[in-house]
file input04.txt (compact mmCIF, C-alpha atoms and all ligand atoms)
# COMPACT_ATOMS: atom_id res chain seq x y z
CA MET L 1 16.88 -5.11 23.73
CA MET L 2 17.51 -5.25 20.00
CA ALA L 3 20.54 -3.29 18.93
CA GLU L 4 18.35 -0.94 16.89
CA LEU L 5 20.47 2.00 17.93
CA SER L 6 23.00 0.97 15.30
CA TYR L 7 20.53 -0.14 12.69
CA ASN L 8 22.39 -0.97 9.49
CA ALA L 9 19.99 -0.79 6.55
CA PRO L 10 21.06 -2.16 3.16
CA LYS L 11 22.44 0.35 0.68
CA GLU L 12 23.03 -1.53 -2.55
CA VAL L 13 21.47 -0.06 -5.71
CA LYS L 14 20.91 -2.51 -8.55
CA ASP L 15 18.36 -3.86 -11.02
CA LEU L 16 16.73 -7.11 -9.92
CA GLU L 17 15.93 -10.12 -12.01
CA ILE L 18 12.50 -11.02 -10.63
CA PHE L 19 10.83 -14.36 -11.29
CA ASN L 20 8.08 -13.77 -8.74
CA THR L 21 7.68 -11.37 -5.84
CA ILE L 22 6.98 -14.08 -3.29
CA GLU L 23 10.59 -15.20 -3.14
CA LEU L 24 11.76 -11.59 -2.81
CA GLU L 25 10.79 -11.90 0.85
CA ASP L 26 13.34 -14.70 1.35
CA PHE L 27 16.05 -12.68 -0.37
CA ALA L 28 15.21 -9.54 1.64
CA ARG L 29 15.48 -11.54 4.87
CA LEU L 30 19.14 -12.17 4.05
CA VAL L 31 20.06 -8.49 3.68
CA MET L 32 17.91 -6.72 6.27
CA PRO L 33 18.52 -6.50 10.03
CA LYS L 34 16.13 -8.90 11.80
CA GLY L 35 14.11 -6.23 13.63
CA GLY L 36 13.40 -4.32 10.43
CA PHE L 37 12.69 -7.42 8.38
CA ASP L 38 10.22 -8.80 10.93
CA TYR L 39 8.46 -5.44 11.15
CA LEU L 40 8.08 -5.36 7.37
CA ALA L 41 7.21 -8.98 6.67
CA GLY L 42 5.24 -9.73 9.81
CA GLY L 43 1.54 -9.56 10.59
CA SER L 44 -0.56 -9.69 13.71
CA GLY L 45 -1.61 -12.60 15.92
CA ASP L 46 -0.85 -15.94 14.37
CA GLU L 47 -0.69 -14.27 10.93
CA PHE L 48 -3.81 -16.05 9.67
CA THR L 49 -5.05 -12.97 7.82
CA LEU L 50 -1.59 -12.24 6.45
CA ARG L 51 -1.39 -15.69 4.84
CA ARG L 52 -5.02 -15.73 3.79
CA ASN L 53 -4.59 -12.43 1.88
CA VAL L 54 -2.44 -14.23 -0.69
CA GLU L 55 -4.11 -17.65 -0.53
CA ALA L 56 -7.62 -16.31 -1.09
CA PHE L 57 -6.85 -15.45 -4.71
CA ASN L 58 -6.72 -19.20 -5.35
CA PHE L 59 -10.42 -19.60 -4.61
CA LYS L 60 -11.41 -17.67 -7.72
CA GLY L 61 -10.39 -18.74 -11.20
CA ILE L 62 -9.94 -16.56 -14.27
CA LEU L 63 -12.12 -17.78 -17.14
CA PRO L 64 -9.95 -17.11 -20.18
CA ARG L 65 -11.54 -16.00 -23.44
CA VAL L 66 -9.93 -17.49 -26.52
CA ALA L 67 -9.84 -16.30 -30.10
CA ALA L 68 -10.32 -12.87 -28.53
CA ASN L 69 -8.26 -10.96 -31.08
CA VAL L 70 -5.82 -9.63 -28.46
CA GLU L 71 -2.28 -8.38 -29.01
CA PHE L 72 -0.09 -6.09 -26.89
CA PRO L 73 -2.56 -5.62 -24.02
CA ASP L 74 -2.98 -2.04 -22.90
CA THR L 75 -2.67 -1.42 -19.15
CA GLN L 76 -3.47 2.30 -19.17
CA THR L 77 -6.13 3.60 -16.84
CA LYS L 78 -7.23 6.75 -15.09
CA ILE L 79 -8.02 7.66 -11.50
CA PHE L 80 -9.28 11.14 -10.72
CA GLU L 81 -7.25 13.40 -12.98
CA HIS L 82 -4.28 11.03 -13.22
CA GLU L 83 -3.60 9.08 -16.40
CA LEU L 84 -1.70 5.98 -15.28
CA LYS L 85 0.38 3.62 -17.39
CA VAL L 86 -0.61 0.73 -15.14
CA PRO L 87 -3.52 -0.01 -12.79
CA PHE L 88 -1.27 -0.18 -9.73
CA ILE L 89 0.26 2.35 -7.37
CA MET L 90 2.41 2.36 -4.23
CA ALA L 91 0.57 1.69 -0.94
CA PRO L 92 1.31 3.93 2.04
CA ILE L 93 4.03 2.24 4.10
CA ALA L 94 5.83 3.56 7.15
CA ALA L 95 9.58 3.69 7.70
CA HIS L 96 11.12 2.68 4.35
CA GLY L 97 14.49 3.38 5.95
CA LEU L 98 14.28 -0.03 7.59
CA ALA L 99 14.61 -1.55 4.13
CA HIS L 100 17.20 0.78 2.61
CA GLN L 101 19.34 3.74 3.56
CA SER L 102 17.73 5.85 0.84
CA LYS L 103 14.44 5.64 2.79
CA GLU L 104 11.24 6.85 1.07
CA ALA L 105 13.32 8.94 -1.33
CA GLY L 106 14.59 5.69 -2.85
CA THR L 107 11.10 4.28 -3.30
CA ALA L 108 9.98 7.61 -4.73
CA ARG L 109 12.76 7.62 -7.27
CA GLY L 110 12.01 4.03 -8.28
CA ILE L 111 8.38 4.95 -8.94
CA HIS L 112 9.38 8.10 -10.79
CA GLU L 113 11.84 6.23 -13.01
CA PHE L 114 9.20 3.58 -13.73
CA GLY L 115 6.85 6.38 -14.76
CA GLY L 116 3.08 6.46 -15.03
CA SER L 117 2.24 5.33 -11.49
CA LEU L 118 1.68 7.16 -8.23
CA MET L 119 3.08 7.14 -4.69
CA SER L 120 1.14 7.14 -1.45
CA ILE L 121 3.18 8.85 1.26
CA SER L 122 2.70 7.51 4.80
CA ALA L 123 2.34 9.92 7.71
CA TYR L 124 4.86 7.64 9.43
CA SER L 125 7.51 8.14 6.75
CA GLY L 126 11.07 8.30 7.95
CA ALA L 127 11.86 10.96 5.36
CA SER L 128 10.50 14.49 5.06
CA PHE L 129 8.20 15.69 2.27
CA GLN L 130 11.17 17.51 0.75
CA GLU L 131 13.37 14.41 0.71
CA ILE L 132 10.61 12.29 -0.83
CA SER L 133 9.88 14.97 -3.39
CA ALA L 134 13.48 14.95 -4.53
CA GLY L 135 12.93 11.36 -5.66
CA LEU L 136 9.38 11.75 -6.92
CA LYS L 137 9.93 14.93 -8.93
CA ASP L 138 6.71 15.53 -10.93
CA THR L 139 5.22 12.08 -10.18
CA PRO L 140 1.80 12.40 -8.54
CA ARG L 141 1.38 11.60 -4.87
CA TRP L 142 -1.35 11.02 -2.33
CA PHE L 143 -0.84 11.60 1.38
CA GLN L 144 -1.98 9.08 3.99
CA ILE L 145 -2.77 10.61 7.35
CA TYR L 146 -2.57 9.15 10.81
CA MET L 147 -4.35 11.87 12.70
CA SER L 148 -3.20 13.68 15.79
CA LYS L 149 -5.61 13.97 18.69
CA ASP L 150 -5.28 17.73 18.11
CA ASP L 151 -7.10 19.01 15.04
CA GLU L 152 -4.97 22.16 14.84
CA LEU L 153 -1.95 19.94 14.31
CA ASN L 154 -3.90 17.93 11.76
CA LYS L 155 -4.52 21.12 9.83
CA HIS L 156 -0.79 21.87 9.76
CA ILE L 157 0.01 18.37 8.52
CA LEU L 158 -2.66 18.58 5.81
CA ASP L 159 -1.36 22.00 4.77
CA GLU L 160 2.15 20.61 4.42
CA ALA L 161 0.93 17.64 2.41
CA LYS L 162 -1.01 19.91 0.12
CA ALA L 163 1.91 22.30 -0.30
CA ASP L 164 4.01 19.25 -1.21
CA GLY L 165 1.57 18.49 -4.04
CA ALA L 166 -0.66 15.75 -2.63
CA SER L 167 -3.70 15.37 -4.89
CA ALA L 168 -5.72 13.21 -2.47
CA ILE L 169 -5.73 12.34 1.23
CA ILE L 170 -6.01 8.77 2.48
CA LEU L 171 -7.59 8.44 5.92
CA THR L 172 -6.42 5.14 7.36
CA ALA L 173 -9.11 3.99 9.74
CA ASP L 174 -8.11 0.40 10.54
CA ALA L 175 -5.08 1.21 12.65
CA THR L 176 -6.29 3.22 15.62
CA ILE L 177 -3.90 1.16 17.73
CA SER L 178 -1.28 -1.35 16.67
CA GLY L 179 -2.26 -4.93 15.88
CA ASN L 180 -0.88 -7.64 18.11
CA ARG L 181 2.56 -7.97 16.50
CA ASP L 182 4.36 -10.82 18.22
CA ARG L 183 7.45 -10.52 16.12
CA ASP L 184 7.97 -6.85 16.99
CA ASP L 185 7.28 -7.47 20.66
CA LYS L 186 9.81 -10.29 20.81
CA ASN L 187 12.40 -8.16 19.04
CA HIS L 188 11.61 -5.17 21.31
CA PHE L 189 11.40 -3.34 18.03
CA VAL L 190 11.75 0.43 18.05
CA TYR L 191 12.15 2.71 15.04
CA PRO L 192 15.82 3.52 14.55
CA PHE L 193 15.04 6.96 13.08
CA GLY L 194 12.46 9.70 13.51
CA MET L 195 9.25 10.46 11.63
CA PRO L 196 9.50 14.04 10.46
CA ILE L 197 5.90 14.40 9.26
CA VAL L 198 4.20 13.45 12.55
CA SER L 199 6.99 14.43 14.94
CA ARG L 200 5.05 17.64 15.61
CA TYR L 201 2.51 15.57 17.59
CA LEU L 202 4.80 12.96 19.15
CA THR L 203 6.51 13.42 22.49
CA GLY L 204 9.78 12.64 20.72
CA SER L 205 10.91 12.48 17.10
CA GLY L 206 9.75 8.88 16.69
CA LYS L 207 13.31 7.58 17.01
CA ASN L 208 13.70 4.74 19.53
CA MET L 209 9.92 4.66 19.95
CA SER L 210 7.81 1.52 19.54
CA LEU L 211 4.88 1.32 17.17
CA ASN L 212 2.55 0.90 20.16
CA ASN L 213 3.82 4.13 21.60
CA ILE L 214 3.47 6.04 18.33
CA TYR L 215 -0.04 4.77 17.65
CA ALA L 216 -1.02 5.64 21.21
CA GLN L 217 -0.06 9.25 20.56
CA SER L 218 -2.11 9.34 17.37
CA LYS L 219 -5.90 9.61 17.38
CA GLN L 220 -7.91 6.55 18.43
CA LYS L 221 -11.45 7.87 18.03
CA ILE L 222 -11.55 8.11 14.26
CA SER L 223 -15.12 8.72 13.10
CA LEU L 224 -16.96 9.50 9.89
CA GLU L 225 -16.78 13.16 10.85
CA ASP L 226 -13.05 13.08 10.24
CA ILE L 227 -13.73 12.54 6.54
CA GLY L 228 -15.64 15.82 6.43
CA PHE L 229 -12.99 17.61 8.47
CA ILE L 230 -10.19 16.50 6.16
CA LYS L 231 -12.17 17.28 3.03
CA GLU L 232 -13.16 20.69 4.19
CA HIS L 233 -9.73 21.71 5.36
CA SER L 234 -7.68 20.24 2.52
CA GLU L 235 -10.21 20.68 -0.31
CA LEU L 236 -8.86 17.42 -1.69
CA PRO L 237 -10.57 14.10 -2.40
CA VAL L 238 -10.49 11.75 0.57
CA PHE L 239 -10.14 7.96 0.58
CA LEU L 240 -11.37 5.91 3.52
CA LYS L 241 -8.75 3.15 3.89
CA GLY L 242 -9.23 -0.13 5.68
CA VAL L 243 -12.80 -0.76 4.55
CA GLN L 244 -13.83 -4.42 4.91
CA THR L 245 -17.64 -4.30 4.78
CA PRO L 246 -20.27 -2.89 2.42
CA GLU L 247 -21.83 -1.13 5.43
CA ASP L 248 -18.68 0.87 6.10
CA ALA L 249 -18.22 1.63 2.41
CA LEU L 250 -21.74 3.06 2.28
CA ALA L 251 -21.26 4.96 5.54
CA GLY L 252 -18.03 6.39 4.13
CA LEU L 253 -19.79 7.49 0.96
CA GLY L 254 -22.57 9.04 3.03
CA ALA L 255 -19.95 11.03 4.94
CA GLY L 256 -18.50 12.36 1.68
CA ALA L 257 -15.61 9.97 0.95
CA ASP L 258 -14.43 10.32 -2.64
CA GLY L 259 -12.91 6.86 -2.77
CA ILE L 260 -13.05 3.57 -0.89
CA TRP L 261 -9.82 1.74 -0.13
CA VAL L 262 -10.46 -1.92 0.53
CA SER L 263 -7.65 -3.25 2.72
CA ASN L 264 -6.93 -5.11 5.92
CA HIS L 265 -3.55 -3.41 6.27
CA GLY L 266 -1.73 -6.44 4.96
CA GLY L 267 -2.88 -8.61 7.88
CA ARG L 268 -1.10 -6.36 10.39
CA GLN L 269 -4.12 -5.17 12.35
CA LEU L 270 -7.08 -7.42 13.15
CA ASP L 271 -5.94 -11.02 12.81
CA GLY L 272 -8.84 -13.33 12.12
CA ALA L 273 -10.34 -10.96 9.56
CA PRO L 274 -11.00 -12.49 6.14
CA ALA L 275 -8.64 -11.88 3.27
CA SER L 276 -9.11 -8.46 1.75
CA PHE L 277 -9.88 -10.14 -1.60
CA GLU L 278 -12.73 -12.13 -0.02
CA VAL L 279 -14.65 -8.96 0.83
CA LEU L 280 -13.87 -6.95 -2.29
CA GLU L 281 -16.70 -8.07 -4.54
CA GLU L 282 -19.53 -7.34 -2.10
CA ILE L 283 -18.09 -3.93 -1.34
CA ALA L 284 -17.78 -3.15 -5.05
CA LEU L 285 -21.40 -4.14 -5.57
CA ALA L 286 -22.47 -1.77 -2.81
CA VAL L 287 -20.34 1.11 -4.09
CA ALA L 288 -21.68 0.45 -7.60
CA GLY L 289 -19.19 2.63 -9.43
CA ARG L 290 -20.08 5.84 -7.58
CA VAL L 291 -16.48 6.40 -6.46
CA PRO L 292 -13.20 4.66 -7.30
CA ILE L 293 -12.13 1.60 -5.33
CA VAL L 294 -8.49 0.98 -4.49
CA PHE L 295 -7.64 -2.52 -3.34
CA ASP L 296 -4.63 -3.85 -1.45
CA SER L 297 -3.42 -6.70 0.76
CA GLY L 298 -1.84 -9.74 -0.81
CA ILE L 299 -0.99 -8.56 -4.32
CA ARG L 300 2.03 -10.63 -5.37
CA ARG L 301 1.38 -11.57 -9.02
CA GLY L 302 -0.21 -10.27 -12.19
CA GLU L 303 -3.04 -12.76 -11.68
CA HIS L 304 -3.83 -11.11 -8.36
CA ILE L 305 -4.07 -7.67 -9.94
CA PHE L 306 -6.28 -9.13 -12.65
CA LYS L 307 -8.59 -10.86 -10.17
CA ALA L 308 -8.91 -7.74 -8.03
CA LEU L 309 -9.86 -5.63 -11.06
CA ALA L 310 -12.31 -8.30 -12.21
CA SER L 311 -13.87 -8.20 -8.72
CA GLY L 312 -14.53 -4.48 -8.75
CA ALA L 313 -11.28 -2.66 -7.89
CA ASP L 314 -10.28 0.26 -10.11
CA ILE L 315 -6.64 0.13 -9.12
CA VAL L 316 -4.57 -1.91 -6.70
CA ALA L 317 -1.79 -0.86 -4.35
CA ILE L 318 1.52 -2.66 -4.01
CA GLY L 319 2.82 -3.03 -0.46
CA ARG L 320 5.50 -5.38 0.82
CA PRO L 321 6.92 -6.47 -2.58
CA ALA L 322 8.00 -2.89 -3.32
CA LEU L 323 9.77 -2.68 0.05
CA PHE L 324 11.52 -6.00 -0.50
CA GLY L 325 12.64 -4.60 -3.85
CA LEU L 326 13.90 -1.48 -2.08
CA ALA L 327 15.88 -3.60 0.38
CA LEU L 328 17.48 -5.63 -2.39
CA GLY L 329 18.22 -2.93 -4.93
CA GLY L 330 17.34 0.55 -3.69
CA TRP L 331 15.46 2.70 -6.20
CA LYS L 332 16.39 0.34 -9.03
CA GLY L 333 14.94 -2.55 -7.05
CA VAL L 334 11.63 -0.71 -6.66
CA ARG L 335 11.58 0.02 -10.38
CA SER L 336 12.28 -3.67 -11.06
CA VAL L 337 9.27 -4.67 -8.93
CA PHE L 338 6.98 -2.26 -10.77
CA GLU L 339 8.32 -3.48 -14.13
CA TYR L 340 7.73 -7.07 -13.04
CA PHE L 341 4.07 -6.35 -12.21
CA GLU L 342 3.56 -4.56 -15.53
CA LYS L 343 5.06 -7.42 -17.51
CA ASP L 344 3.24 -10.09 -15.53
CA LEU L 345 -0.11 -8.33 -15.80
CA LYS L 346 0.32 -7.99 -19.58
CA ARG L 347 1.05 -11.70 -19.86
CA VAL L 348 -2.07 -12.55 -17.85
CA MET L 349 -4.16 -10.15 -19.96
CA GLN L 350 -2.95 -11.75 -23.18
CA LEU L 351 -3.64 -15.27 -21.91
CA ALA L 352 -7.05 -14.30 -20.54
CA GLY L 353 -8.04 -12.63 -23.80
CA THR L 354 -8.36 -9.10 -22.45
CA GLN L 355 -7.05 -6.13 -24.43
CA THR L 356 -7.78 -3.37 -21.92
CA ILE L 357 -8.35 -2.72 -18.23
CA GLU L 358 -12.04 -2.27 -19.06
CA ASP L 359 -12.03 -5.77 -20.54
CA ILE L 360 -10.59 -7.14 -17.28
CA LYS L 361 -13.40 -5.46 -15.35
CA HIS L 362 -15.89 -7.39 -17.47
CA THR L 363 -14.17 -10.73 -17.04
CA ARG L 364 -16.04 -13.38 -15.11
CA LEU L 365 -14.27 -15.24 -12.32
CA LYS L 366 -15.30 -18.74 -11.34
CA ASP L 367 -15.67 -19.82 -7.71
CA LEU L 368 -13.28 -22.67 -6.98
CA LYS L 369 -13.58 -25.14 -4.14
C1 LIG Q 401 5.79 -2.37 6.92
C2 LIG Q 401 4.43 -1.84 6.64
C3 LIG Q 401 4.08 -0.57 7.07
C4 LIG Q 401 2.83 -0.05 6.78
N1 LIG Q 401 2.55 1.23 7.14
C5 LIG Q 401 1.36 1.78 6.80
C6 LIG Q 401 1.10 3.13 7.07
O1 LIG Q 401 1.93 3.85 7.59
N2 LIG Q 401 -0.12 3.61 6.73
C7 LIG Q 401 -1.09 2.83 6.12
O2 LIG Q 401 -2.18 3.32 5.82
N3 LIG Q 401 -0.83 1.55 5.83
C8 LIG Q 401 0.36 1.02 6.14
N4 LIG Q 401 0.63 -0.28 5.80
C9 LIG Q 401 -0.39 -1.06 5.05
C10 LIG Q 401 -0.23 -0.90 3.54
O3 LIG Q 401 -0.69 0.36 3.11
C11 LIG Q 401 -1.02 -1.97 2.77
O4 LIG Q 401 -2.35 -1.96 3.23
C12 LIG Q 401 -0.41 -3.37 2.97
O5 LIG Q 401 0.99 -3.30 2.82
C13 LIG Q 401 -0.98 -4.36 1.96
O6 LIG Q 401 -0.56 -5.65 2.24
P1 LIG Q 401 0.63 -6.39 1.42
O7 LIG Q 401 1.83 -5.53 1.58
O8 LIG Q 401 0.81 -7.70 2.10
O9 LIG Q 401 0.19 -6.52 0.00
C14 LIG Q 401 1.88 -0.83 6.08
C15 LIG Q 401 2.24 -2.09 5.65
C16 LIG Q 401 3.50 -2.61 5.89
C17 LIG Q 401 3.86 -3.97 5.36
call {"tool": "encode", "arguments": {"input": "input04.txt", "output": "structure tokens", "more": "lines below"}}
Ligand SMILES: Cc1cc2nc3c(=O)[nH]c(=O)nc-3n(C[C@H](O)[C@H](O)[C@H](O)COP(=O)(O)O)c2cc1C
result
Amino acid sequence: MMAELSYNAPKEVKDLEIFNTIELEDFARLVMPKGGFDYLAGGSGDEFTLRRNVEAFNFKGILPRVAANVEFPDTQTKIFEHELKVPFIMAPIAAHGLAHQSKEAGTARGIHEFGGSLMSISAYSGASFQEISAGLKDTPRWFQIYMSKDDELNKHILDEAKADGASAIILTADATISGNRDRDDKNHFVYPFGMPIVSRYLTGSGKNMSLNNIYAQSKQKISLEDIGFIKEHSELPVFLKGVQTPEDALAGLGAGADGIWVSNHGGRQLDGAPASFEVLEEIALAVAGRVPIVFDSGIRRGEHIFKALASGADIVAIGRPALFGLALGGWKGVRSVFEYFEKDLKRVMQLAGTQTIEDIKHTRLKDLK
């Protein structure tokens, strides 16, 4: 058994000098307990999809426009009623307390201090809505639900999320059980703290429970009807997250989804699936601008954000890099990661000859061998 009972998460708070977010993983490995690091960095199976998520960006090239009269590129955009400073937000991620003692409150504060972005709060957060809110303050938030098998409990959870100020609900549909996570199995990984938001439907608090056990107590039979249920009860826009095919995007729209979230869960669920980026364009063509598209899985550089937007995403979500930043520098580390992506995206926009996010969306990418 791993000694998770005395899990010792990092607690340093400092600004990070970031050259790229890929090497943040190596630095985070040095400061995080092995069980927590493997849970965060790892994927499922032989991690083919995890690797492919980042590699796939290399099969499309950005065709730069020159003499394009560009200076100080403008990264502002809008999604629903939210005016964002940048076209990226925080992805829903469970158990930030593995990365830092400040848990989700630290991430929330980092996003708040960065300003002009948005946080997705995972149902499997290790902090309560109140604790996260203390860091987020007036920063907008979306709530990601892992449903209970009991719809009455789902109603309570949605009510709490709404009372906390969630302006949209994300229904994650690609994780009805856990992916085949070798690293966690070998580490006998269990969460070293509870999950206050879903503890009302777990047999315990979540503490000392494995991911397999927690998923098993959540709902497996997610269907399109759940979109309607969540919409009706919460009266909030609903994203369907984990979409990998045009068929499912269209089915989601037909069931009333207000947004499509293209993702393969960072290669943590079905190994052997293509990279999320490889399926984005065909999904965007099917959705045809009717609802916003959020994209995640593999975003590590400004070029990746650019390519996702040029392939039909409206905004992208940052996953692991933000958590590595949290591990290395607490809330300041998260802010550093967001600042890095803003700076890097602006550099790419200038070099590609794009003044605005709209310009990126009209940029042509070239297939590369
Ligand atoms: C440690 C970890 C925990 C995650 N927990 C959740 C979760 O609770 N709910 C969810 O919808 N997605 C979850 N995800 C998936 C992310 O929302 C996102 O799809 C993924 O991180 C994107 O891949 P990337 O981090 O490699 O860019 C998790 C991802 C990681 C790395």
call {"tool": "closest_residue", "arguments": {"input": "input04.txt", "among": "L:Glu25, L:Glu71, L:Glu160, L:Glu235", "to": "ligand LIG 401 (chain Q)", "atoms": "all atoms listed in the file"}}
result
L:Glu25
call {"tool": "residues_near_point", "arguments": {"input": "input04.txt", "point": "(-7.5, 6.3, -16.5)", "cutoff": "12 Å", "atoms": "only C-alpha atoms", "output": "PyMOL selection string"}}
result
chain L and resi 74-88+116-117+292+314-315+356-358
call {"tool": "residues_near_point", "arguments": {"input": "input04.txt", "point": "(5.3, -10.9, -9.8)", "cutoff": "6 Å", "atoms": "all atoms listed in the file", "output": "list in words"}}
result
Asn20, Thr21, Arg300, Arg301, Tyr340 and Phe341 of chain L
call {"tool": "residues_near_ligand", "arguments": {"input": "input04.txt", "ligand": "ligand LIG 401 (chain Q)", "cutoff": "6 Å", "atoms": "all atoms listed in the file", "output": "compact mmCIF listing (two decimals) with C-alpha atoms, in the frame of the given file"}}
result
# COMPACT_ATOMS: atom_id res chain seq x y z
CA TYR L 39 8.46 -5.44 11.15
CA LEU L 40 8.08 -5.36 7.37
CA ALA L 91 0.57 1.69 -0.94
CA PRO L 92 1.31 3.93 2.04
CA ILE L 93 4.03 2.24 4.10
CA ALA L 94 5.83 3.56 7.15
CA SER L 122 2.70 7.51 4.80
CA TYR L 124 4.86 7.64 9.43
CA THR L 172 -6.42 5.14 7.36
CA SER L 263 -7.65 -3.25 2.72
CA HIS L 265 -3.55 -3.41 6.27
CA GLY L 266 -1.73 -6.44 4.96
CA ASP L 296 -4.63 -3.85 -1.45
CA SER L 297 -3.42 -6.70 0.76
CA GLY L 298 -1.84 -9.74 -0.81
CA ILE L 299 -0.99 -8.56 -4.32
CA ILE L 318 1.52 -2.66 -4.01
CA GLY L 319 2.82 -3.03 -0.46
CA ARG L 320 5.50 -5.38 0.82
call {"tool": "atom_distance", "arguments": {"input": "input04.txt", "atom1": "atom CA of Asn180 of chain L", "atom2": "atom CA of Gly206 of chain L"}}
result
19.7 Å
call {"tool": "axis_aligned_box", "arguments": {"input": "input04.txt", "around": "segment 30-47 of chain L", "padding_each_side": "5 Å", "output": "JSON"}}
result
{"center_x": 9.2, "center_y": -10.1, "center_z": 9.8, "size_x": 31.7, "size_y": 21.6, "size_z": 22.2}
call {"tool": "closest_residue", "arguments": {"input": "input04.txt", "among": "L:Thr139, L:Phe324, L:His304, L:Lys343", "to": "Asp38 of chain L", "atoms": "only C-alpha atoms"}}
result
L:Phe324
call {"tool": "closest_residue", "arguments": {"input": "input04.txt", "among": "L:Gln144, L:Ser234, L:Gln130, L:Asn187", "to": "Phe37 of chain L", "atoms": "all atoms listed in the file"}}
result
L:Asn187
call {"tool": "closest_residue", "arguments": {"input": "input04.txt", "among": "L:Ala288, L:Val294, L:Leu24, L:Leu270", "to": "Leu309 of chain L", "atoms": "only C-alpha atoms"}}
result
L:Val294
call {"tool": "atom_distance", "arguments": {"input": "input04.txt", "atom1": "atom CA of Ala352 of chain L", "atom2": "atom CA of Gly302 of chain L"}}
result
11.5 Å
